[in-house]
Amino acid sequence: MTRKPICAAVIPAGGIGRRSGMAAPKQFCLLAGVPLLVHTLRVFEAAPSVSLVVVAAPAEHLARTEALIREYGLAKVRRVVVGGASRQESVAAGLAALPEDIELVAVHDGARPLISVGLIEACLDRAATAGAAIAAVAVKDTLKRVEDGELITATVERAGLWQAQTPQAARVELLRQAMTKAAREGFIGTDEAQILERAGVPVQVVAGDERNIKVTRPEDFRMAEALLQTASPGLRIGHGFDAHRFAPGRRLVLGGVVVPHELGLLGHSDADVLTHAVCDAILGALGAGDLGRHFPDSDERYRGISSLLLLEQVIAGATDKGWAVANLDVTVIAQRPKLSPHVPAMIDRLAAVCGVAAEQINIKGTTTERMGFTGREEGIAAHAVVLLRSVPRS
């Protein structure tokens with residue numbers, strides 16, 4: 001069996017987006033409620049072949065970009081580096097930050113949020129065998145050469161013409177050599193393919209996607225939002241419920257946070273009833289059974305385990321199937337202890353594991369006015385409702 005090369009992605013997001021008409025750099029502008037750059041990075045998070053991502057950002061927005069990565073739990077983004085005055089300089093900075101064991105790299109515009117996992121994988125697969133490959137679409141419209149912005153001087157034959165997109169993938173050593181040659185000779189290319197071509201490296205074309213637009217102007221934002229609403233095959237809702245009885249000599253863990261209380265909850269794991277309900281909600285939305293099916297209490301591997309680690313595995317399974325958390329709402333039912341002081345920390349823990357912003361998670365506590373087993377303080381129960389959104393994969 002042939003070993004697959006180790007792959008990374010470099011995302012140049014170093015522009016300030018003057019043409020977007022926005023007050024802030026376009027990569028931070030909201031697209032369907034989520035920053036544009038986050039949409040792009042989420043797809044690379046879901047790409048199986050991509051082991052890590054390096055983002056090149058403007059120097060004045062480096063901290064803001066790093067904060068965005070943390071806020072949305074983008075675990076594959078290992079470095080955020082300062083981009084240059086040109087795309088070429090930003091890509092060079094990203095390449096310089098890659099670990100030595102990376103063999104293939106995919107360069108993708110941060111402002112192309114509608115890229116699919118399938119297209120990323122196709123470009124990397126072709127580059128692995130051919131050395132270099134880019135996504136592109138064949139030109140369909142008649143092309144005109146225009147002088148002074150208004151006078152047609154010629155009709156350009158469109159046969160054999162393709163419109164370049166990203167990702168543009170290559171063996172790392174080939175791209176580095178080509179970039180070094182271009183820098184030494186003072187050549188500024190419009191994309192990596194041109195720089196590779198100039199260095200004598202053959203570049204192959206992978207059929208791109210018409211939806212893989214680059215968001216540059218205000219009308220592009222409107223188009224991208226419309227495409228985001230239609231590109232996804234749908235949404236899924238899941239509900240989870242769990243209950244655990246109190247037991248002496250155990251810590252009370254809820255949402256990954258240790259809550260001071262004289263009693264903990266009984267269970268094979270850490271008995272985090274809140275996180276268990278969240279796991280069951282996600283598994284329910286996926287049609288994948290329940291927590292006990294995946295992590296049975298007869299398996300010693302899970303004795304005392306943090307339920308956040310179980311949630312990580314559930315989220316990984318959802319990602320593999322092309323789904324991501326859109327929002328999560330949890331209700332914890334307990335007479336005591338009072339949970340509100342600990343809710344912000346719980347939200348932060350869950351958001352980090354789920355790869356979402358804190359604003360996408362809501363946790364609330366209630367009592368049953370001393371009715372039932374929770375009212376008698378025999379235990380704690382939790383309900384969770386999750387909305388999953390699909391991530392484009394092909």
# chains A, B, ... in the order shown; residues from 1 in each chain; ligands from 1
call {"tool": "residues_around", "arguments": {"residues": "A:Leu254", "least_positions_apart": "3", "cutoff": "12 Å", "atoms": "only C-alpha atoms", "output": "number ranges by chain"}}
result
A: 243-244, 251, 257-261, 264-265, 270-278, 306-308, 330-334, 337-340, 342-347, 349-350, 363-365, 380-382
call {"tool": "closest_residue", "arguments": {"among": "A:Ala288, A:Glu173, A:Ile188, A:Gln335", "to": "A:Gly375", "atoms": "only C-alpha atoms"}}
result
A:Gln335
call {"tool": "residues_around", "arguments": {"residues": "A:Val50", "least_positions_apart": "3", "cutoff": "9 Å", "atoms": "only C-alpha atoms", "output": "JSON, numbers by chain"}}
result
{"A": [6, 7, 8, 9, 44, 45, 46, 47, 53, 76, 105, 106, 120, 121]}
call {"tool": "write_last_selection", "arguments": {"atoms": "C-alpha atoms", "output": "JSON list (two decimals), in the first residue's frame"}}
result
[["chain", "number", "residue", "atom", "x", "y", "z"],
["A", 6, "ILE", "CA", 1.85, 14.47, 4.73],
["A", 7, "CYS", "CA", -0.17, 17.50, 3.65],
["A", 8, "ALA", "CA", -0.70, 21.01, 4.97],
["A", 9, "ALA", "CA", -2.54, 24.11, 3.84],
["A", 44, "PHE", "CA", -9.94, 22.55, 5.78],
["A", 45, "GLU", "CA", -10.66, 21.32, 9.33],
["A", 46, "ALA", "CA", -12.91, 18.69, 7.74],
["A", 47, "ALA", "CA", -10.45, 17.66, 5.00],
["A", 53, "VAL", "CA", -3.04, 24.83, 8.49],
["A", 76, "LYS", "CA", -5.76, 22.42, 12.69],
["A", 105, "VAL", "CA", 0.92, 21.96, 0.46],
["A", 106, "ALA", "CA", -2.38, 23.39, -0.74],
["A", 120, "ILE", "CA", -9.25, 20.02, -1.63],
["A", 121, "GLU", "CA", -8.70, 16.26, -1.67]]
call {"tool": "select_by_dssp", "arguments": {"residues": "stretch 163-357 of chain A", "states": "strand (DSSP E)", "output": "MDAnalysis selection string"}}
result
chainID A and resid 163:171 204:207 235:247 253:254 257:258 264:265 323:333
call {"tool": "closest_residue", "arguments": {"among": "A:Pro25, A:Gly372, A:Pro202, A:Gly149", "to": "A:Val215", "atoms": "only C-alpha atoms"}}
result
A:Pro25
call {"tool": "closest_atom_pairs", "arguments": {"of": "stretch 78-177 of chain A", "to": "stretch 317-322 of chain A", "cutoff": "12 Å", "atoms": "only C-alpha atoms", "output": "CSV"}}
result
residue,atom,partner,partner_atom,distance
A:Ser116,CA,A:Gly322,CA,10.4
A:Val117,CA,A:Gly322,CA,9.0
A:Gly118,CA,A:Gly322,CA,10.9
call {"tool": "residues_around", "arguments": {"residues": "stretch 56-65 of chain A", "least_positions_apart": "6", "cutoff": "7 Å", "atoms": "only C-alpha atoms", "output": "CSV table (one decimal) with C-alpha atoms, in the first residue's frame"}}
result
chain,number,residue,atom,x,y,z
A,11,ILE,CA,-4.2,30.3,3.7
A,12,PRO,CA,-3.2,33.8,2.6
A,13,ALA,CA,-5.5,36.2,4.4
A,14,GLY,CA,-3.2,39.1,4.4
A,15,GLY,CA,-5.3,41.6,2.4
A,80,VAL,CA,-0.8,32.5,12.3
A,81,VAL,CA,2.1,34.4,10.6
A,82,VAL,CA,2.5,37.9,9.4
A,83,GLY,CA,1.6,38.2,5.7
A,90,SER,CA,2.2,36.0,2.3
A,94,GLY,CA,3.3,30.5,5.2
call {"tool": "closest_residue", "arguments": {"among": "A:Ala357, A:Met179, A:Val172, A:Leu161", "to": "A:Ala67", "atoms": "only C-alpha atoms"}}
result
A:Ala357
call {"tool": "closest_residue", "arguments": {"among": "A:Val107, A:Leu235, A:Leu41, A:Ala97", "to": "A:Ala285", "atoms": "only C-alpha atoms"}}
result
A:Leu235
call {"tool": "residues_around", "arguments": {"residues": "A:Ala193", "least_positions_apart": "5", "cutoff": "9 Å", "atoms": "only C-alpha atoms", "output": "list in words"}}
result
Ala132, Ala133, Ile134, Ala164, Gln168, Ala169, Arg198, Val201, Pro202 and Val203 of chain A
call {"tool": "write_last_selection", "arguments": {"atoms": "N, CA and C atoms", "output": "PDB file, in the first residue's frame"}}
result
ATOM      1  N   ALA A 132       2.265  19.127  -9.194  1.00  0.00           N
ATOM      2  CA  ALA A 132       1.538  20.377  -8.959  1.00  0.00           C
ATOM      3  C   ALA A 132       0.202  20.321  -9.676  1.00  0.00           C
ATOM      4  N   ALA A 133      -0.824  20.883  -9.048  1.00  0.00           N
ATOM      5  CA  ALA A 133      -2.167  20.892  -9.647  1.00  0.00           C
ATOM      6  C   ALA A 133      -2.967  22.036  -9.060  1.00  0.00           C
ATOM      7  N   ILE A 134      -3.872  22.589  -9.868  1.00  0.00           N
ATOM      8  CA  ILE A 134      -4.735  23.663  -9.387  1.00  0.00           C
ATOM      9  C   ILE A 134      -6.180  23.367  -9.762  1.00  0.00           C
ATOM     10  N   ALA A 164      -8.520  30.173 -13.380  1.00  0.00           N
ATOM     11  CA  ALA A 164      -7.857  29.584 -12.215  1.00  0.00           C
ATOM     12  C   ALA A 164      -8.610  29.889 -10.935  1.00  0.00           C
ATOM     13  N   GLN A 168      -4.406  25.623  -4.913  1.00  0.00           N
ATOM     14  CA  GLN A 168      -3.318  25.329  -5.822  1.00  0.00           C
ATOM     15  C   GLN A 168      -2.298  24.533  -5.011  1.00  0.00           C
ATOM     16  N   ALA A 169      -2.145  23.268  -5.371  1.00  0.00           N
ATOM     17  CA  ALA A 169      -1.359  22.337  -4.559  1.00  0.00           C
ATOM     18  C   ALA A 169      -0.077  21.952  -5.268  1.00  0.00           C
ATOM     19  N   ARG A 198       6.729  29.287 -14.514  1.00  0.00           N
ATOM     20  CA  ARG A 198       7.920  30.068 -14.874  1.00  0.00           C
ATOM     21  C   ARG A 198       9.209  29.341 -14.486  1.00  0.00           C
ATOM     22  N   VAL A 201       8.008  23.993 -13.942  1.00  0.00           N
ATOM     23  CA  VAL A 201       7.275  22.893 -13.302  1.00  0.00           C
ATOM     24  C   VAL A 201       5.916  22.738 -13.999  1.00  0.00           C
ATOM     25  N   PRO A 202       5.623  21.570 -14.576  1.00  0.00           N
ATOM     26  CA  PRO A 202       4.304  21.360 -15.200  1.00  0.00           C
ATOM     27  C   PRO A 202       3.206  21.384 -14.139  1.00  0.00           C
ATOM     28  N   VAL A 203       2.113  22.053 -14.452  1.00  0.00           N
ATOM     29  CA  VAL A 203       0.985  22.166 -13.514  1.00  0.00           C
ATOM     30  C   VAL A 203      -0.253  21.589 -14.183  1.00  0.00           C
TER      31      VAL A 203
END
call {"tool": "residues_around", "arguments": {"residues": "A:Ala326", "least_positions_apart": "6", "cutoff": "7 Å", "atoms": "only C-alpha atoms", "output": "list in words"}}
result
Gln360, Leu387, Leu388 and Arg389 of chain A
call {"tool": "write_last_selection", "arguments": {"atoms": "C-alpha atoms", "output": "compact mmCIF listing (two decimals), in the first residue's frame"}}
result
# COMPACT_ATOMS: atom_id res chain seq x y z
CA GLN A 360 -23.56 29.34 19.56
CA LEU A 387 -28.72 21.84 15.32
CA LEU A 388 -26.13 20.41 12.93
CA ARG A 389 -25.27 22.04 9.62
call {"tool": "atom_distance", "arguments": {"atom1": "atom CA of A:Leu291", "atom2": "atom CA of A:Arg370"}}
result
28.7 Å
call {"tool": "atom_distance", "arguments": {"atom1": "atom CA of A:Val205", "atom2": "atom CA of A:Leu114"}}
result
18.9 Å
call {"tool": "closest_residue", "arguments": {"among": "A:Ala154, A:Leu283, A:Val38, A:Val10", "to": "A:Thr166", "atoms": "only C-alpha atoms"}}
result
A:Val10
